[in-house]
Amino acid sequence: MAKRLQRHEVAQALTWELSDLFGSEEEWEKEVQAIQADAAAMESFKGTLGNGAARLADCLEAQESLLVRALRAGTYARLRFSEDSGNPRNQAMSAKAGDLSSSVGAALSFIRSELLALPEGTVEACLREEPRLADFARTLGELLEQRPHKLSAETEAVLASLGEVMGAPYTIYQRSKLSDMQFDSVVDDKGTAYPVSFALFETDYEFSANTSLRRASYESFTRTLEQYQNTFAAVYGTEVKKQVVLSRLRGYSSVTEMLLQPQQVTTEMYRNILDVIRTELAPHMRRLMRLKKRVLGLEELRFCDLKAPFDADFNPEVTIEEAGATILEALRPMGADYIELMEQALTKRWIDYADNVGKSTGAFCSSPYGAHSYILITWANNMRSAFTLAHELGHAGHLMLAGRHQRYTNYRPSMYFIEAPSTMNELLLAEHILKQSGDARMKRWVILQLLQTYYHNFVTHLLEGDMQSRVYAAAEAGEALTARKLRELKAAVLSEFWGDAVVLDEGASLTWMRQPHYYMGLYPYTYAAGLTASTAVAQLMKEEGQPVVDRWLEVLKAGGTMTPLELMKHAGVDMTDRAPISSAVAYVGSLIDELEKLV
């Protein structure tokens, strides 16, 4: 049986180079102390923000500088923890970073309170008077929109100081999942033994063509999940309760309204994504799974078979180097500046590919302002990993271009748009591979990769969003979020979507335990929003060519200077209409039509 490596045992070439952020832990410790001192010095601005435009500009510039430094320090600690959460030093750094975030938040909380307490028209007058405030106009305007939901300065300070406590549910979830949970090893039908972990199951075994391994590892996986269900329910219930209490404290009509406001998204836009995709996509996906059942010769298609490959005999291994070269060629139309960023990411150890005990599952891109991006992925030597890498490189290219062209206060766009650049890269990669081969089997293979992208965003994350909406509704109605309740809600989400096309076992109802997105506010549905937009823009690129690419690059560089609707409209998509959503779903249906012909 293969042994999972400890962090110190993996090849250095497969790890990221965090010294680009800080040369040593000692250097990081000194910066943390310096940030804390400078945060305390912000006290000098307290009570003076109404003393003229220049004073306000000085304060906002000092705040921005402090936030940039705190983000860099916090990123370093989070990345260290993500690479090996079982390392006590990494745990200590993560805790210290949490303390830092809380102390900085508390030190800066007076700014929001004082600005909201100023007489109406004061901030607007300062904007007209002081040129240095021009770059802060957007964030100041968004802040003033929150006047109806402001709390007293003392209450805001207390809430800010409790930042680490407020984030405890996510921290507990991650540590339990990565450090504490142990899974039984399994044996396939050939007698081969395999270790099981969160990462191995979700990046490898779940996609395995070996039905006995896939199902056995799923059983091991769900057995352990079941042992933790009450603990995880308490943790997640606490997170939801926190959001409910905050929304009521601030006078919002619901948690959903509170969480959508900073995204600059209306409830109608949010519901459109959930409702259109959930109802219109379900028939297509059921058809896909019935096809999979027939192709694989299974008596029944179980929940753990959803990601089984259609064509196990045509799944060539892909090395990291091969994937990188293919991705670069696929992204050439994006221009020299964009490609330069991609090349640096692939060659200068911005990416952590290794699999080791304690490493975070899934994949993410972290982009601290003023530094380069970092990508975490567990490389599985297959094309799905290549598509995941392209996805995360899309985040890196987007936020680094935005960081080069916008100052910190304006560089990050709404979460509603954040998944559009990443999924665009996946679509460009698929289009490139299709152009390189006229082989029917290769075409089928690429279509399957595309369908995995749509499955990931339009099924996995969309159903997470559906689950969230039901969880918040239950909590606001006063229902206790026990493990049983959460299982009932998840089972209902899955059964309504899949109907009789998939056999749903008890383990399927534990799926709410598998993703950290539930601890990130209304994030899951934005995957579907982003892919809807990128699907539409990718089609425009095919039809109109370079002008669309140029507009897309302008959108990436704009960062947060536009609302998500403005960004998408500039790219050529109107997301106030349900039509682009239905069109994206119809495109998925057309891919399944083509797959049926090829099969």
# chains A, B, ... in the order shown; residues from 1 in each chain; ligands from 1
call {"tool": "residues_around", "arguments": {"residues": "region 231-234 of chain A", "least_positions_apart": "5", "cutoff": "7 Å", "atoms": "only C-alpha atoms", "output": "PyMOL selection string"}}
result
chain A and resi 173+481-483+513
call {"tool": "write_last_selection", "arguments": {"atoms": "N, CA and C atoms", "output": "PDB file, in the first residue's frame"}}
result
ATOM      1  N   TYR A 173     -13.557  23.587  11.585  1.00  0.00           N
ATOM      2  CA  TYR A 173     -13.892  22.676  10.485  1.00  0.00           C
ATOM      3  C   TYR A 173     -12.640  22.217   9.758  1.00  0.00           C
ATOM      4  N   LEU A 481     -30.361  23.411  13.831  1.00  0.00           N
ATOM      5  CA  LEU A 481     -29.588  22.796  12.755  1.00  0.00           C
ATOM      6  C   LEU A 481     -28.790  21.605  13.286  1.00  0.00           C
ATOM      7  N   THR A 482     -29.494  20.565  13.596  1.00  0.00           N
ATOM      8  CA  THR A 482     -28.855  19.331  14.047  1.00  0.00           C
ATOM      9  C   THR A 482     -28.318  18.572  12.843  1.00  0.00           C
ATOM     10  N   ALA A 483     -27.526  17.541  13.102  1.00  0.00           N
ATOM     11  CA  ALA A 483     -27.020  16.709  12.011  1.00  0.00           C
ATOM     12  C   ALA A 483     -28.187  16.097  11.234  1.00  0.00           C
ATOM     13  N   MET A 513     -20.894  18.101   4.668  1.00  0.00           N
ATOM     14  CA  MET A 513     -19.685  18.077   5.503  1.00  0.00           C
ATOM     15  C   MET A 513     -18.413  18.201   4.685  1.00  0.00           C
TER      16      MET A 513
END
call {"tool": "residues_around", "arguments": {"residues": "Glu130 (chain A)", "least_positions_apart": "5", "cutoff": "9 Å", "atoms": "only C-alpha atoms", "output": "list of chain:residue names"}}
result
A:Ala53, A:Ala54, A:Ala57, A:Ala125
call {"tool": "atom_distance", "arguments": {"atom1": "CA of His284 (chain A)", "atom2": "CA of Gly297 (chain A)"}}
result
20.1 Å
call {"tool": "select_by_dssp", "arguments": {"residues": "region 302-511 of chain A", "states": "strand (DSSP E or B)", "output": "list of chain:residue names"}}
result
A:Arg302, A:Ile351, A:Asp352, A:Phe364, A:Cys365, A:Ser366, A:Tyr374, A:Ile375, A:Leu376, A:Val503
call {"tool": "residues_around", "arguments": {"residues": "Val555 (chain A)", "least_positions_apart": "4", "cutoff": "7 Å", "atoms": "only C-alpha atoms", "output": "PDB file with N, CA and C atoms, in the first residue's frame"}}
result
ATOM      1  N   ARG A 551     -11.680  43.596 -24.762  1.00  0.00           N
ATOM      2  CA  ARG A 551     -12.636  44.037 -23.737  1.00  0.00           C
ATOM      3  C   ARG A 551     -12.501  43.190 -22.483  1.00  0.00           C
ATOM      4  N   LEU A 567     -19.124  45.149 -15.036  1.00  0.00           N
ATOM      5  CA  LEU A 567     -18.022  44.353 -15.578  1.00  0.00           C
ATOM      6  C   LEU A 567     -18.523  43.406 -16.665  1.00  0.00           C
ATOM      7  N   ALA A 571     -18.067  43.327 -20.850  1.00  0.00           N
ATOM      8  CA  ALA A 571     -17.589  42.143 -21.570  1.00  0.00           C
ATOM      9  C   ALA A 571     -18.597  41.662 -22.612  1.00  0.00           C
TER      10      ALA A 571
END
call {"tool": "residues_around", "arguments": {"residues": "Ala586 (chain A)", "least_positions_apart": "6", "cutoff": "10 Å", "atoms": "only C-alpha atoms", "output": "number ranges by chain"}}
result
A: 277, 280-281, 284, 580, 592
call {"tool": "decode", "arguments": {"residues": "region 456-476 of chain A", "atoms": "N, CA and C atoms", "output": "compact mmCIF listing (two decimals), in the first residue's frame"}}
result
# COMPACT_ATOMS: atom_id res chain seq x y z
N HIS A 456 -19.00 20.74 -11.95
CA HIS A 456 -18.39 21.33 -10.77
C HIS A 456 -19.10 22.63 -10.37
N ASN A 457 -19.35 23.50 -11.37
CA ASN A 457 -19.90 24.82 -11.09
C ASN A 457 -21.43 24.85 -11.07
N PHE A 458 -22.04 24.13 -12.00
CA PHE A 458 -23.49 24.18 -12.14
C PHE A 458 -24.23 23.11 -11.32
N VAL A 459 -23.49 22.10 -10.85
CA VAL A 459 -24.13 21.06 -10.03
C VAL A 459 -23.59 21.11 -8.60
N THR A 460 -22.31 20.78 -8.44
CA THR A 460 -21.73 20.73 -7.09
C THR A 460 -21.96 22.04 -6.34
N HIS A 461 -21.49 23.16 -6.91
CA HIS A 461 -21.57 24.42 -6.18
C HIS A 461 -22.96 25.04 -6.23
N LEU A 462 -23.69 24.82 -7.32
CA LEU A 462 -25.05 25.34 -7.38
C LEU A 462 -25.93 24.66 -6.33
N LEU A 463 -25.75 23.35 -6.16
CA LEU A 463 -26.53 22.64 -5.14
C LEU A 463 -26.08 23.02 -3.73
N GLU A 464 -24.81 23.40 -3.58
CA GLU A 464 -24.38 23.98 -2.29
C GLU A 464 -25.15 25.26 -2.03
N GLY A 465 -25.28 26.09 -3.07
CA GLY A 465 -26.03 27.34 -2.93
C GLY A 465 -27.49 27.08 -2.59
N ASP A 466 -28.07 26.07 -3.21
CA ASP A 466 -29.45 25.69 -2.91
C ASP A 466 -29.56 25.25 -1.45
N MET A 467 -28.60 24.46 -1.01
CA MET A 467 -28.57 23.99 0.38
C MET A 467 -28.47 25.20 1.33
N GLN A 468 -27.60 26.15 1.02
CA GLN A 468 -27.45 27.32 1.88
C GLN A 468 -28.76 28.08 2.03
N SER A 469 -29.46 28.26 0.91
CA SER A 469 -30.71 29.02 0.98
C SER A 469 -31.71 28.32 1.90
N ARG A 470 -31.73 27.00 1.89
CA ARG A 470 -32.65 26.25 2.75
C ARG A 470 -32.20 26.29 4.21
N VAL A 471 -30.88 26.23 4.41
CA VAL A 471 -30.34 26.27 5.77
C VAL A 471 -30.66 27.62 6.43
N TYR A 472 -30.42 28.71 5.69
CA TYR A 472 -30.70 30.03 6.26
C TYR A 472 -32.19 30.20 6.55
N ALA A 473 -33.03 29.69 5.65
CA ALA A 473 -34.48 29.78 5.87
C ALA A 473 -34.88 29.02 7.13
N ALA A 474 -34.32 27.82 7.32
CA ALA A 474 -34.63 27.02 8.50
C ALA A 474 -34.16 27.72 9.77
N ALA A 475 -32.94 28.26 9.74
CA ALA A 475 -32.40 28.94 10.92
C ALA A 475 -33.21 30.17 11.28
N GLU A 476 -33.61 30.93 10.25
CA GLU A 476 -34.38 32.15 10.51
C GLU A 476 -35.79 31.83 11.01
